[in-house]
Amino acid sequence: MPKNKVIEFEDRFLAPYAMKSSDSRGRAHPEAEHAYRSCYQRDRDRIIHSAAFRRLEYKTQVFVNHEGDYYRTRLTHSIEVSQIARTIACALGLNMDLTEAIALAHDLGHTPFGHSGEDVLNELMAKDGGFNHNLQGLRVVDLLEERYPEFPGLNLSWEVREGIVKHSSVFDIAVAIKEFYPKQMPSLETQVVDMADEIAYDNHDLDDGLTSGLIKESDLESLEIWQKINRTINQKYAKITPSCRKYLIIRGLINLQVTDLIAQTQAEILRRKIKKYTQVHKLHYKIVDFSGKIKALRQPLRQFLMERLYHHYRVVRMSTKAKRFIRELFAEYLKRPAQLPVEIQSRIPREGVRRVVCDYIAGMTDRYALDEYKKLFDPYEKV
């Protein structure tokens with residue numbers, strides 16, 4: 001059989017430090033390689049076709065789903081992260097297919113109602129191993145998805161699974177699992193997704209905050225990074241609509257950060273003389289990063305979002321209600337597991353009722369969780 005065309009492409013066009021599919025550690029359940037698709041392309045497609053990925057459409061980022069159709073969901077966020085990450089990976093000569101697969105999978109373990117859902121499940125499961133959405137994402141792809149008769153889960157490659165487990169950001173904590181060598185740095189492709197995630201949620205949460213009216217453009221005028229982009233737009237356009245202006249500013253902020261990240265990372269790769277992906281694992285810090293200048297510009301914006309958006313009283317109210325819904329659903333299912341769907345109940349003897357209930361709630365969308373709450377607690381709601 002002739003050499004796989006994708007492998008030929010990777011050998012010819014990817015940087016020597018990129019993670020190539022021919023160097024993959026493989027899958028937990030061995031499968032024959034595809035004639036014209038790499039293992040990472042197949043992983044990406046399995047993720048896109050999974051039920052967990054589709055459910056991200058109705059899992060929220062900041063605003064609960066019924067607040068409106070405009071706001072980001074986990075699905076739109078994952079797509080936006082993927083696009084930013086692919087751009088960075090391409091510029092650095094990294095494996096775009098691996099990068100895209102990790103980006104599309106990085107939020108598969110998220111609960112309904114954003115980080116509020118994760119916090120309350122972690123609290124409820126404190127004596128049973130807790131809850132971490134990276135670890136839950138691994139459970140989803142390794143166990144909970146049922147698509148193949150030969151094995152449980154999606155049987156993804158080791159490198160994509162490592163990317164899920166080692167995903168880290170301000171809101172995300174990497175999980176230490178022996179299989180993935182927790183003391184080693186993750187691949188450059190994983191590091192790119194981490195930074196693309198930060199760029200996406202900072203700027204797109206800002207966009208949603210402005211659209212919702214919870215924050216105003218005038219509130220941002222004291223921020224140097226905002227002034228920098230605003231000045232460029234004012235010089236170029238005499239008259240533009242507020243909507244167009246907001247779009248140009250968000251686009252400018254993303255472009256500024258992506259451009260800096262690429263330049264800084266390229267310089268660091270050269271400085272560290274990285275020639276092979278294995279060298280990356282041996283480092284003691286991530287080399288995909290911003291320059292000190294951009295870090296200094298980003299920090300006040302992130303602090304602003306934390307104080308003025310994430311802690312806005314309306315967002316806090318949404319968060320408080322969401323936690324109450326999840327606590328009450330968890331307690332009710334735990335009290336009477338017979339209320340769970342039959343196929344969910346069947347897992348209880350193997351995994352225990354608390355973990356099964358946790359998995360079930362974690363997999364819910366915002367909308368489904370609210371519907372379940374009505375069915376269980378509203379006497380006039382049909383079950």
# chains A, B, ... in the order shown; residues from 1 in each chain; ligands from 1
>>> residues_around(residues="segment 358-373 of chain A", least_positions_apart="3", cutoff="10 Å", atoms="only C-alpha atoms", output="CSV table (one decimal) with all heavy atoms, in the first residue's frame")
chain,number,residue,atom,x,y,z
A,51,ALA,N,-22.5,12.8,20.6
A,51,ALA,CA,-23.7,13.5,21.2
A,51,ALA,C,-23.2,14.6,22.2
A,51,ALA,O,-23.9,15.6,22.3
A,51,ALA,CB,-24.5,12.4,22.0
A,52,ALA,N,-22.1,14.4,22.9
A,52,ALA,CA,-21.6,15.4,23.8
A,52,ALA,C,-21.3,16.7,23.2
A,52,ALA,O,-21.5,17.7,23.7
A,52,ALA,CB,-20.4,14.8,24.6
A,54,ARG,N,-22.7,17.8,20.3
A,54,ARG,CA,-24.0,18.5,19.9
A,54,ARG,C,-24.6,19.1,21.1
A,54,ARG,O,-25.2,20.2,21.0
A,54,ARG,CB,-24.9,17.4,19.3
A,54,ARG,CG,-24.5,16.9,17.9
A,54,ARG,CD,-25.6,16.2,17.2
A,54,ARG,NE,-26.1,15.0,17.9
A,54,ARG,CZ,-25.5,13.8,17.8
A,54,ARG,NH1,-24.4,13.7,17.1
A,54,ARG,NH2,-26.0,12.8,18.5
A,55,ARG,N,-24.5,18.5,22.3
A,55,ARG,CA,-25.2,19.1,23.5
A,55,ARG,C,-24.5,20.4,23.9
A,55,ARG,O,-25.2,21.2,24.6
A,55,ARG,CB,-25.1,18.1,24.7
A,55,ARG,CG,-26.1,17.0,24.5
A,55,ARG,CD,-26.3,16.3,25.9
A,55,ARG,NE,-25.2,15.5,26.3
A,55,ARG,CZ,-24.9,14.3,26.0
A,55,ARG,NH1,-25.8,13.6,25.3
A,55,ARG,NH2,-23.8,13.7,26.4
A,56,LEU,N,-23.3,20.7,23.4
A,56,LEU,CA,-22.7,22.0,23.8
A,56,LEU,C,-23.5,23.2,23.2
A,56,LEU,O,-23.3,24.3,23.7
A,56,LEU,CB,-21.2,22.0,23.2
A,56,LEU,CG,-20.2,21.0,23.8
A,56,LEU,CD1,-18.9,21.2,23.1
A,56,LEU,CD2,-20.1,21.2,25.3
A,57,GLU,N,-24.3,22.9,22.3
A,57,GLU,CA,-25.2,24.0,21.7
A,57,GLU,C,-26.0,24.6,22.7
A,57,GLU,O,-26.3,25.8,22.6
A,57,GLU,CB,-26.0,23.4,20.5
A,57,GLU,CG,-26.9,24.5,19.9
A,57,GLU,CD,-27.7,23.9,18.7
A,57,GLU,OE1,-27.7,22.7,18.5
A,57,GLU,OE2,-28.4,24.7,18.0
A,58,TYR,N,-26.5,23.9,23.7
A,58,TYR,CA,-27.4,24.4,24.8
A,58,TYR,C,-26.7,24.4,26.1
A,58,TYR,O,-27.4,24.4,27.2
A,58,TYR,CB,-28.7,23.7,24.7
A,58,TYR,CG,-29.4,23.9,23.4
A,58,TYR,CD1,-29.5,22.9,22.5
A,58,TYR,CD2,-30.0,25.1,23.1
A,58,TYR,CE1,-30.2,23.1,21.3
A,58,TYR,CE2,-30.7,25.3,22.0
A,58,TYR,CZ,-30.8,24.3,21.0
A,58,TYR,OH,-31.4,24.5,19.8
A,59,LYS,N,-25.4,24.4,26.2
A,59,LYS,CA,-24.7,24.6,27.4
A,59,LYS,C,-24.1,26.0,27.4
A,59,LYS,O,-23.5,26.4,26.4
A,59,LYS,CB,-23.6,23.6,27.6
A,59,LYS,CG,-24.1,22.2,27.9
A,59,LYS,CD,-23.0,21.2,28.3
A,59,LYS,CE,-23.6,19.8,28.7
A,59,LYS,NZ,-22.6,19.0,29.3
A,60,THR,N,-24.2,26.7,28.5
A,60,THR,CA,-23.8,28.2,28.4
A,60,THR,C,-22.4,28.5,28.8
A,60,THR,O,-21.7,27.7,29.4
A,60,THR,CB,-24.7,29.0,29.4
A,60,THR,OG1,-24.8,28.3,30.6
A,60,THR,CG2,-26.1,29.1,28.8
A,64,VAL,N,-27.2,32.2,30.9
A,64,VAL,CA,-28.0,31.0,30.8
A,64,VAL,C,-28.8,31.0,29.5
A,64,VAL,O,-29.1,32.1,29.0
A,64,VAL,CB,-29.0,31.0,32.0
A,64,VAL,CG1,-29.9,29.8,31.9
A,64,VAL,CG2,-28.2,30.9,33.3
A,65,ASN,N,-29.0,29.8,29.0
A,65,ASN,CA,-29.5,29.7,27.6
A,65,ASN,C,-30.7,30.5,27.3
A,65,ASN,O,-30.9,31.1,26.2
A,65,ASN,CB,-29.8,28.2,27.3
A,65,ASN,CG,-30.1,27.9,25.9
A,65,ASN,OD1,-31.3,27.6,25.6
A,65,ASN,ND2,-29.2,28.0,25.0
A,66,HIS,N,-31.7,30.6,28.2
A,66,HIS,CA,-32.9,31.3,27.9
A,66,HIS,C,-32.8,32.8,28.0
A,66,HIS,O,-33.7,33.5,27.7
A,66,HIS,CB,-34.0,30.8,28.9
A,66,HIS,CG,-33.8,31.2,30.3
A,66,HIS,ND1,-33.5,30.3,31.3
A,66,HIS,CD2,-33.9,32.4,31.0
A,66,HIS,CE1,-33.3,30.9,32.5
A,66,HIS,NE2,-33.6,32.2,32.3
A,108,LEU,N,-15.9,19.3,26.4
A,108,LEU,CA,-16.9,18.2,26.3
A,108,LEU,C,-17.4,17.8,27.7
A,108,LEU,O,-18.5,17.3,27.9
A,108,LEU,CB,-16.3,17.0,25.6
A,108,LEU,CG,-16.1,17.1,24.1
A,108,LEU,CD1,-15.6,15.7,23.6
A,108,LEU,CD2,-17.5,17.4,23.4
A,109,GLY,N,-16.5,18.0,28.7
A,109,GLY,CA,-16.9,17.6,30.1
A,109,GLY,C,-17.6,18.7,30.9
A,109,GLY,O,-17.9,18.5,32.1
A,110,HIS,N,-17.9,19.8,30.3
A,110,HIS,CA,-18.6,20.9,31.0
A,110,HIS,C,-20.0,20.6,31.3
A,110,HIS,O,-20.7,19.9,30.6
A,110,HIS,CB,-18.6,22.2,30.2
A,110,HIS,CG,-17.5,23.2,30.7
A,110,HIS,ND1,-17.5,23.7,31.9
A,110,HIS,CD2,-16.4,23.6,30.1
A,110,HIS,CE1,-16.5,24.5,32.0
A,110,HIS,NE2,-15.7,24.5,30.9
A,111,THR,N,-20.4,21.1,32.5
A,111,THR,CA,-21.8,20.9,33.0
A,111,THR,C,-22.7,21.9,32.4
A,111,THR,O,-22.3,22.9,31.7
A,111,THR,CB,-21.8,21.1,34.5
A,111,THR,OG1,-21.4,22.5,34.8
A,111,THR,CG2,-20.8,20.2,35.2
A,112,PRO,N,-24.0,21.8,32.7
A,112,PRO,CA,-25.0,22.9,32.3
A,112,PRO,C,-24.6,24.1,33.2
A,112,PRO,O,-24.0,23.9,34.3
A,112,PRO,CB,-26.3,22.3,32.6
A,112,PRO,CG,-26.1,21.2,33.6
A,112,PRO,CD,-24.8,20.6,33.3
A,113,PHE,N,-25.0,25.3,32.8
A,113,PHE,CA,-24.9,26.5,33.6
A,113,PHE,C,-23.4,26.9,33.9
A,113,PHE,O,-23.1,27.5,34.9
A,113,PHE,CB,-25.7,26.4,34.9
A,113,PHE,CG,-27.1,26.0,34.8
A,113,PHE,CD1,-27.5,24.8,35.4
A,113,PHE,CD2,-28.0,26.6,33.9
A,113,PHE,CE1,-28.8,24.4,35.3
A,113,PHE,CE2,-29.3,26.2,33.8
A,113,PHE,CZ,-29.7,25.1,34.5
A,114,GLY,N,-22.6,26.6,32.9
A,114,GLY,CA,-21.2,27.1,33.0
A,114,GLY,C,-20.4,26.6,34.2
A,114,GLY,O,-20.6,25.5,34.7
A,117,GLY,N,-22.2,25.2,37.4
A,117,GLY,CA,-22.6,23.8,37.5
A,117,GLY,C,-21.4,23.0,37.9
A,117,GLY,O,-21.6,22.0,38.7
A,118,GLU,N,-20.2,23.3,37.4
A,118,GLU,CA,-19.0,22.5,37.8
A,118,GLU,C,-18.7,22.7,39.3
A,118,GLU,O,-18.4,21.7,40.0
A,118,GLU,CB,-17.8,23.0,37.0
A,118,GLU,CG,-16.5,22.3,37.4
A,118,GLU,CD,-15.4,22.5,36.4
A,118,GLU,OE1,-15.5,23.4,35.5
A,118,GLU,OE2,-14.3,21.9,36.5
A,121,LEU,N,-21.2,20.6,41.4
A,121,LEU,CA,-21.0,19.2,41.3
A,121,LEU,C,-19.7,18.8,42.1
A,121,LEU,O,-19.7,17.7,42.7
A,121,LEU,CB,-21.0,18.7,39.9
A,121,LEU,CG,-22.3,18.5,39.2
A,121,LEU,CD1,-22.1,18.0,37.7
A,121,LEU,CD2,-23.2,17.6,39.9
A,122,ASN,N,-18.7,19.6,42.0
A,122,ASN,CA,-17.5,19.3,42.7
A,122,ASN,C,-17.7,19.3,44.2
A,122,ASN,O,-17.2,18.4,44.9
A,122,ASN,CB,-16.4,20.4,42.4
A,122,ASN,CG,-15.1,20.1,43.0
A,122,ASN,OD1,-14.6,18.9,42.9
A,122,ASN,ND2,-14.4,21.0,43.5
A,124,LEU,N,-20.7,18.6,45.6
A,124,LEU,CA,-21.6,17.4,45.9
A,124,LEU,C,-20.8,16.1,45.9
A,124,LEU,O,-21.1,15.2,46.5
A,124,LEU,CB,-22.7,17.4,45.0
A,124,LEU,CG,-23.8,18.5,45.1
A,124,LEU,CD1,-24.7,18.6,43.9
A,124,LEU,CD2,-24.6,18.4,46.4
A,125,MET,N,-19.7,16.1,45.1
A,125,MET,CA,-19.0,14.9,44.9
A,125,MET,C,-17.7,14.9,45.7
A,125,MET,O,-16.8,14.1,45.4
A,125,MET,CB,-18.7,14.7,43.4
A,125,MET,CG,-19.9,14.4,42.5
A,125,MET,SD,-20.7,12.8,42.9
A,125,MET,CE,-19.4,11.7,42.3
A,130,GLY,N,-14.7,14.1,43.8
A,130,GLY,CA,-14.9,15.5,43.2
A,130,GLY,C,-15.3,15.5,41.8
A,130,GLY,O,-15.6,14.5,41.2
A,131,PHE,N,-15.3,16.7,41.2
A,131,PHE,CA,-15.7,16.8,39.8
A,131,PHE,C,-14.7,17.8,39.2
A,131,PHE,O,-14.5,19.0,39.7
A,131,PHE,CB,-17.1,17.3,39.6
A,131,PHE,CG,-17.6,17.5,38.2
A,131,PHE,CD1,-18.1,16.4,37.5
A,131,PHE,CD2,-17.3,18.6,37.5
A,131,PHE,CE1,-18.5,16.5,36.2
A,131,PHE,CE2,-17.7,18.8,36.2
A,131,PHE,CZ,-18.3,17.7,35.5
A,133,HIS,N,-13.9,19.3,35.1
A,133,HIS,CA,-14.5,19.1,33.8
A,133,HIS,C,-13.5,18.5,32.8
A,133,HIS,O,-13.9,17.9,31.8
A,133,HIS,CB,-15.1,20.4,33.2
A,133,HIS,CG,-14.2,21.4,32.6
A,133,HIS,ND1,-13.8,22.5,33.3
A,133,HIS,CD2,-13.6,21.4,31.4
A,133,HIS,CE1,-13.0,23.2,32.5
A,133,HIS,NE2,-12.9,22.5,31.3
A,136,GLN,N,-13.9,14.9,33.5
A,136,GLN,CA,-15.2,14.5,33.0
A,136,GLN,C,-15.1,14.4,31.4
A,136,GLN,O,-15.7,13.5,30.8
A,136,GLN,CB,-16.2,15.5,33.4
A,136,GLN,CG,-17.7,15.1,33.0
A,136,GLN,CD,-18.1,13.9,33.8
A,136,GLN,OE1,-17.5,13.5,34.9
A,136,GLN,NE2,-19.2,13.2,33.4
A,139,ARG,N,-13.8,11.1,30.7
A,139,ARG,CA,-14.8,10.1,30.9
A,139,ARG,C,-15.7,10.0,29.7
A,139,ARG,O,-16.2,9.0,29.3
A,139,ARG,CB,-15.6,10.4,32.2
A,139,ARG,CG,-14.9,10.0,33.4
A,139,ARG,CD,-15.7,10.3,34.7
A,139,ARG,NE,-17.0,9.5,34.7
A,139,ARG,CZ,-17.0,8.2,35.1
A,139,ARG,NH1,-16.0,7.6,35.4
A,139,ARG,NH2,-18.2,7.6,35.1
A,140,VAL,N,-16.1,11.2,29.2
A,140,VAL,CA,-17.0,11.3,28.0
A,140,VAL,C,-16.4,10.5,26.8
A,140,VAL,O,-17.1,9.7,26.2
A,140,VAL,CB,-17.3,12.7,27.7
A,140,VAL,CG1,-18.0,12.8,26.3
A,140,VAL,CG2,-18.2,13.4,28.7
A,144,LEU,N,-18.4,7.3,28.3
A,144,LEU,CA,-19.8,7.6,28.2
A,144,LEU,C,-20.4,7.7,26.8
A,144,LEU,O,-21.6,7.4,26.7
A,144,LEU,CB,-20.0,9.0,29.0
A,144,LEU,CG,-19.6,9.0,30.4
A,144,LEU,CD1,-19.9,10.4,31.0
A,144,LEU,CD2,-20.3,7.9,31.2
A,322,ALA,N,-28.8,28.5,39.3
A,322,ALA,CA,-28.3,27.3,38.6
A,322,ALA,C,-27.8,26.3,39.7
A,322,ALA,O,-28.1,25.1,39.6
A,322,ALA,CB,-27.2,27.7,37.6
A,325,PHE,N,-30.8,24.6,41.3
A,325,PHE,CA,-31.4,23.6,40.5
A,325,PHE,C,-30.6,22.3,40.5
A,325,PHE,O,-31.1,21.2,40.7
A,325,PHE,CB,-31.4,24.1,39.0
A,325,PHE,CG,-32.4,25.2,38.8
A,325,PHE,CD1,-32.1,26.1,37.8
A,325,PHE,CD2,-33.5,25.5,39.6
A,325,PHE,CE1,-33.0,27.2,37.5
A,325,PHE,CE2,-34.3,26.5,39.4
A,325,PHE,CZ,-34.1,27.4,38.4
A,326,ILE,N,-29.3,22.4,40.4
A,326,ILE,CA,-28.4,21.2,40.3
A,326,ILE,C,-28.4,20.5,41.7
A,326,ILE,O,-28.5,19.2,41.7
A,326,ILE,CB,-27.0,21.6,39.9
A,326,ILE,CG1,-27.1,21.9,38.4
A,326,ILE,CG2,-26.0,20.4,40.1
A,326,ILE,CD1,-25.7,22.3,37.8
A,328,GLU,N,-30.8,20.4,43.9
A,328,GLU,CA,-32.0,19.7,44.1
A,328,GLU,C,-32.2,18.5,43.2
A,328,GLU,O,-32.8,17.5,43.6
A,328,GLU,CB,-33.2,20.7,44.0
A,328,GLU,CG,-33.2,21.8,45.1
A,328,GLU,CD,-34.3,22.7,45.0
A,328,GLU,OE1,-35.4,22.4,44.4
A,328,GLU,OE2,-34.2,23.8,45.6
A,329,LEU,N,-31.8,18.6,41.9
A,329,LEU,CA,-31.8,17.5,41.0
A,329,LEU,C,-31.0,16.4,41.5
A,329,LEU,O,-31.4,15.2,41.5
A,329,LEU,CB,-31.3,17.9,39.6
A,329,LEU,CG,-32.3,18.8,38.8
A,329,LEU,CD1,-31.5,19.2,37.5
A,329,LEU,CD2,-33.5,18.0,38.4
A,330,PHE,N,-29.8,16.7,42.0
A,330,PHE,CA,-28.9,15.6,42.5
A,330,PHE,C,-29.5,14.9,43.7
A,330,PHE,O,-29.5,13.7,43.7
A,330,PHE,CB,-27.5,16.3,42.9
A,330,PHE,CG,-26.4,15.4,43.2
A,330,PHE,CD1,-25.5,15.0,42.2
A,330,PHE,CD2,-26.3,14.8,44.4
A,330,PHE,CE1,-24.4,14.1,42.5
A,330,PHE,CE2,-25.2,13.9,44.7
A,330,PHE,CZ,-24.3,13.6,43.7
A,332,GLU,N,-32.6,14.6,44.5
A,332,GLU,CA,-33.8,13.9,44.1
A,332,GLU,C,-33.4,12.6,43.4
A,332,GLU,O,-34.0,11.5,43.7
A,332,GLU,CB,-34.7,14.7,43.3
A,332,GLU,CG,-36.0,14.1,42.9
A,332,GLU,CD,-36.9,13.9,44.1
A,332,GLU,OE1,-36.7,14.6,45.2
A,332,GLU,OE2,-37.9,13.1,44.0
A,333,TYR,N,-32.5,12.6,42.5
A,333,TYR,CA,-32.0,11.4,41.8
A,333,TYR,C,-31.4,10.4,42.8
A,333,TYR,O,-31.5,9.2,42.7
A,333,TYR,CB,-31.1,11.7,40.7
A,333,TYR,CG,-31.6,12.5,39.5
A,333,TYR,CD1,-30.9,13.5,39.0
A,333,TYR,CD2,-32.9,12.1,39.0
A,333,TYR,CE1,-31.4,14.2,37.9
A,333,TYR,CE2,-33.4,12.8,37.9
A,333,TYR,CZ,-32.7,13.8,37.3
A,333,TYR,OH,-33.2,14.5,36.3
A,334,LEU,N,-30.6,11.0,43.7
A,334,LEU,CA,-29.9,10.1,44.7
A,334,LEU,C,-30.9,9.5,45.6
A,334,LEU,O,-30.8,8.3,46.0
A,334,LEU,CB,-29.0,11.0,45.5
A,334,LEU,CG,-27.8,10.3,46.2
A,334,LEU,CD1,-26.9,9.7,45.1
A,334,LEU,CD2,-27.0,11.3,47.0
A,340,LEU,N,-34.4,7.8,37.2
A,340,LEU,CA,-33.4,8.0,36.1
A,340,LEU,C,-33.8,7.1,34.9
A,340,LEU,O,-34.5,6.1,35.1
A,340,LEU,CB,-32.0,7.6,36.6
A,340,LEU,CG,-31.3,8.5,37.6
A,340,LEU,CD1,-30.1,7.7,38.2
A,340,LEU,CD2,-30.9,9.8,37.0
A,341,PRO,N,-33.5,7.5,33.7
A,341,PRO,CA,-33.7,6.6,32.5
A,341,PRO,C,-33.1,5.2,32.8
A,341,PRO,O,-32.1,5.1,33.4
A,341,PRO,CB,-33.1,7.4,31.4
A,341,PRO,CG,-33.0,8.8,31.8
A,341,PRO,CD,-32.8,8.8,33.3
A,344,ILE,N,-29.5,4.6,32.1
A,344,ILE,CA,-28.6,5.3,33.1
A,344,ILE,C,-28.6,4.4,34.4
A,344,ILE,O,-27.5,4.2,34.9
A,344,ILE,CB,-29.1,6.7,33.4
A,344,ILE,CG1,-29.2,7.6,32.1
A,344,ILE,CG2,-28.2,7.4,34.4
A,344,ILE,CD1,-27.9,7.7,31.4
A,353,VAL,N,-24.1,4.9,42.6
A,353,VAL,CA,-25.2,5.8,42.2
A,353,VAL,C,-24.7,7.2,42.2
A,353,VAL,O,-25.2,8.0,41.3
A,353,VAL,CB,-26.4,5.6,43.2
A,353,VAL,CG1,-26.0,6.0,44.7
A,353,VAL,CG2,-27.6,6.4,42.8
A,354,ARG,N,-23.8,7.6,43.0
A,354,ARG,CA,-23.4,9.0,43.1
A,354,ARG,C,-22.7,9.5,41.8
A,354,ARG,O,-22.9,10.5,41.2
A,354,ARG,CB,-22.5,9.3,44.3
A,354,ARG,CG,-23.3,9.2,45.6
A,354,ARG,CD,-22.4,9.6,46.8
A,354,ARG,NE,-22.2,11.0,46.8
A,354,ARG,CZ,-23.0,11.9,47.4
A,354,ARG,NH1,-24.1,11.4,48.0
A,354,ARG,NH2,-22.8,13.2,47.5
A,355,ARG,N,-21.8,8.6,41.3
A,355,ARG,CA,-21.1,8.9,40.1
A,355,ARG,C,-22.0,8.9,38.9
A,355,ARG,O,-21.9,9.7,38.0
A,355,ARG,CB,-19.9,8.0,39.9
A,355,ARG,CG,-19.0,8.2,38.7
A,355,ARG,CD,-18.5,9.7,38.6
A,355,ARG,NE,-17.6,10.0,39.7
A,355,ARG,CZ,-17.0,11.2,39.9
A,355,ARG,NH1,-17.3,12.2,39.1
A,355,ARG,NH2,-16.3,11.4,40.9
A,376,LEU,N,-39.8,17.2,37.8
A,376,LEU,CA,-39.7,16.6,39.1
A,376,LEU,C,-40.4,17.4,40.2
A,376,LEU,O,-40.8,16.8,41.2
A,376,LEU,CB,-38.2,16.4,39.4
A,376,LEU,CG,-37.4,15.4,38.6
A,376,LEU,CD1,-35.9,15.4,38.9
A,376,LEU,CD2,-38.0,14.0,38.9
A,377,PHE,N,-40.5,18.7,40.1
A,377,PHE,CA,-40.9,19.5,41.2
A,377,PHE,C,-42.2,20.3,40.9
A,377,PHE,O,-42.8,20.9,41.9
A,377,PHE,CB,-39.8,20.5,41.6
A,377,PHE,CG,-38.6,19.8,42.1
A,377,PHE,CD1,-37.4,19.7,41.4
A,377,PHE,CD2,-38.6,19.1,43.3
A,377,PHE,CE1,-36.3,19.1,41.8
A,377,PHE,CE2,-37.4,18.4,43.8
A,377,PHE,CZ,-36.3,18.4,43.0
A,378,ASP,N,-42.6,20.5,39.7
A,378,ASP,CA,-43.8,21.2,39.4
A,378,ASP,C,-45.0,20.2,39.3
A,378,ASP,O,-45.0,19.3,38.4
A,378,ASP,CB,-43.7,22.0,38.0
A,378,ASP,CG,-44.9,22.8,37.7
A,378,ASP,OD1,-46.0,22.6,38.3
A,378,ASP,OD2,-44.8,23.7,36.9
A,381,GLU,N,-46.7,19.8,35.8
A,381,GLU,CA,-45.9,19.5,34.7
A,381,GLU,C,-46.0,18.1,34.3
A,381,GLU,O,-45.8,17.2,35.2
A,381,GLU,CB,-44.4,19.9,34.9
A,381,GLU,CG,-43.5,19.8,33.7
A,381,GLU,CD,-43.8,20.9,32.7
A,381,GLU,OE1,-44.4,22.0,33.1
A,381,GLU,OE2,-43.4,20.8,31.5
A,383,VAL,N,-44.8,14.5,33.1
A,383,VAL,CA,-43.5,13.8,33.1
A,383,VAL,C,-43.3,12.9,31.9
A,383,VAL,O,-42.2,12.5,31.7
A,383,VAL,CB,-43.4,12.9,34.4
A,383,VAL,CG1,-43.4,13.9,35.6
A,383,VAL,CG2,-44.4,11.9,34.5
>>> select_by_dssp(residues="segment 76-177 of chain A", states="alpha helix (DSSP H)", output="ChimeraX atom specification")
/A:76-92,96-105,114-124,133-139,158-165
>>> write_last_selection(atoms="C-alpha atoms", output="PDB file, in the first residue's frame")
ATOM      1  CA  THR A  76     -19.910  28.404  19.519  1.00  0.00           C
ATOM      2  CA  HIS A  77     -17.058  28.969  21.967  1.00  0.00           C
ATOM      3  CA  SER A  78     -15.435  25.641  20.996  1.00  0.00           C
ATOM      4  CA  ILE A  79     -15.674  26.522  17.304  1.00  0.00           C
ATOM      5  CA  GLU A  80     -14.170  29.968  17.957  1.00  0.00           C
ATOM      6  CA  VAL A  81     -11.312  28.425  19.971  1.00  0.00           C
ATOM      7  CA  SER A  82     -10.723  25.958  17.154  1.00  0.00           C
ATOM      8  CA  GLN A  83     -10.451  28.709  14.544  1.00  0.00           C
ATOM      9  CA  ILE A  84      -8.038  30.798  16.613  1.00  0.00           C
ATOM     10  CA  ALA A  85      -5.989  27.715  17.507  1.00  0.00           C
ATOM     11  CA  ARG A  86      -5.741  26.564  13.872  1.00  0.00           C
ATOM     12  CA  THR A  87      -4.444  29.993  12.841  1.00  0.00           C
ATOM     13  CA  ILE A  88      -1.746  29.904  15.517  1.00  0.00           C
ATOM     14  CA  ALA A  89      -0.827  26.272  14.784  1.00  0.00           C
ATOM     15  CA  CYS A  90      -0.512  26.976  11.053  1.00  0.00           C
ATOM     16  CA  ALA A  91       1.766  29.973  11.648  1.00  0.00           C
ATOM     17  CA  LEU A  92       3.997  27.896  13.952  1.00  0.00           C
ATOM     18  CA  MET A  96      -3.477  21.705  12.746  1.00  0.00           C
ATOM     19  CA  ASP A  97      -5.546  18.487  12.796  1.00  0.00           C
ATOM     20  CA  LEU A  98      -4.370  17.581  16.305  1.00  0.00           C
ATOM     21  CA  THR A  99      -4.829  21.182  17.441  1.00  0.00           C
ATOM     22  CA  GLU A 100      -8.362  21.292  16.047  1.00  0.00           C
ATOM     23  CA  ALA A 101      -9.330  17.979  17.655  1.00  0.00           C
ATOM     24  CA  ILE A 102      -8.137  19.122  21.084  1.00  0.00           C
ATOM     25  CA  ALA A 103      -9.868  22.500  20.685  1.00  0.00           C
ATOM     26  CA  LEU A 104     -13.212  20.941  19.737  1.00  0.00           C
ATOM     27  CA  ALA A 105     -12.968  18.462  22.637  1.00  0.00           C
ATOM     28  CA  GLY A 114     -21.181  27.114  32.994  1.00  0.00           C
ATOM     29  CA  HIS A 115     -18.670  27.075  35.837  1.00  0.00           C
ATOM     30  CA  SER A 116     -21.483  27.340  38.392  1.00  0.00           C
ATOM     31  CA  GLY A 117     -22.563  23.823  37.494  1.00  0.00           C
ATOM     32  CA  GLU A 118     -19.018  22.526  37.812  1.00  0.00           C
ATOM     33  CA  ASP A 119     -18.536  24.180  41.205  1.00  0.00           C
ATOM     34  CA  VAL A 120     -21.662  22.684  42.724  1.00  0.00           C
ATOM     35  CA  LEU A 121     -21.007  19.175  41.332  1.00  0.00           C
ATOM     36  CA  ASN A 122     -17.472  19.331  42.715  1.00  0.00           C
ATOM     37  CA  GLU A 123     -18.962  20.228  46.094  1.00  0.00           C
ATOM     38  CA  LEU A 124     -21.569  17.442  45.939  1.00  0.00           C
ATOM     39  CA  HIS A 133     -14.494  19.111  33.755  1.00  0.00           C
ATOM     40  CA  ASN A 134     -11.197  18.018  32.175  1.00  0.00           C
ATOM     41  CA  LEU A 135     -11.473  14.645  33.871  1.00  0.00           C
ATOM     42  CA  GLN A 136     -15.160  14.509  32.951  1.00  0.00           C
ATOM     43  CA  GLY A 137     -14.210  15.230  29.338  1.00  0.00           C
ATOM     44  CA  LEU A 138     -11.929  12.200  29.446  1.00  0.00           C
ATOM     45  CA  ARG A 139     -14.781  10.098  30.884  1.00  0.00           C
ATOM     46  CA  TRP A 158      -3.358   9.341  23.237  1.00  0.00           C
ATOM     47  CA  GLU A 159      -2.355  12.861  22.175  1.00  0.00           C
ATOM     48  CA  VAL A 160      -5.924  14.185  21.963  1.00  0.00           C
ATOM     49  CA  ARG A 161      -6.756  12.607  25.311  1.00  0.00           C
ATOM     50  CA  GLU A 162      -3.639  14.203  26.805  1.00  0.00           C
ATOM     51  CA  GLY A 163      -4.820  17.554  25.427  1.00  0.00           C
ATOM     52  CA  ILE A 164      -8.163  17.144  27.212  1.00  0.00           C
ATOM     53  CA  VAL A 165      -6.614  16.163  30.544  1.00  0.00           C
TER      54      VAL A 165
END
>>> residues_around(residues="Arg37 of chain A", least_positions_apart="5", cutoff="12 Å", atoms="only C-alpha atoms", output="list in words")
Lys3, Asn4, Lys5, Val6, Ile7, Glu8, Phe9, Glu10, Ser21, Ser22, Ala32, Arg42, Asp43, Arg44, Asp45 and Asp97 of chain A
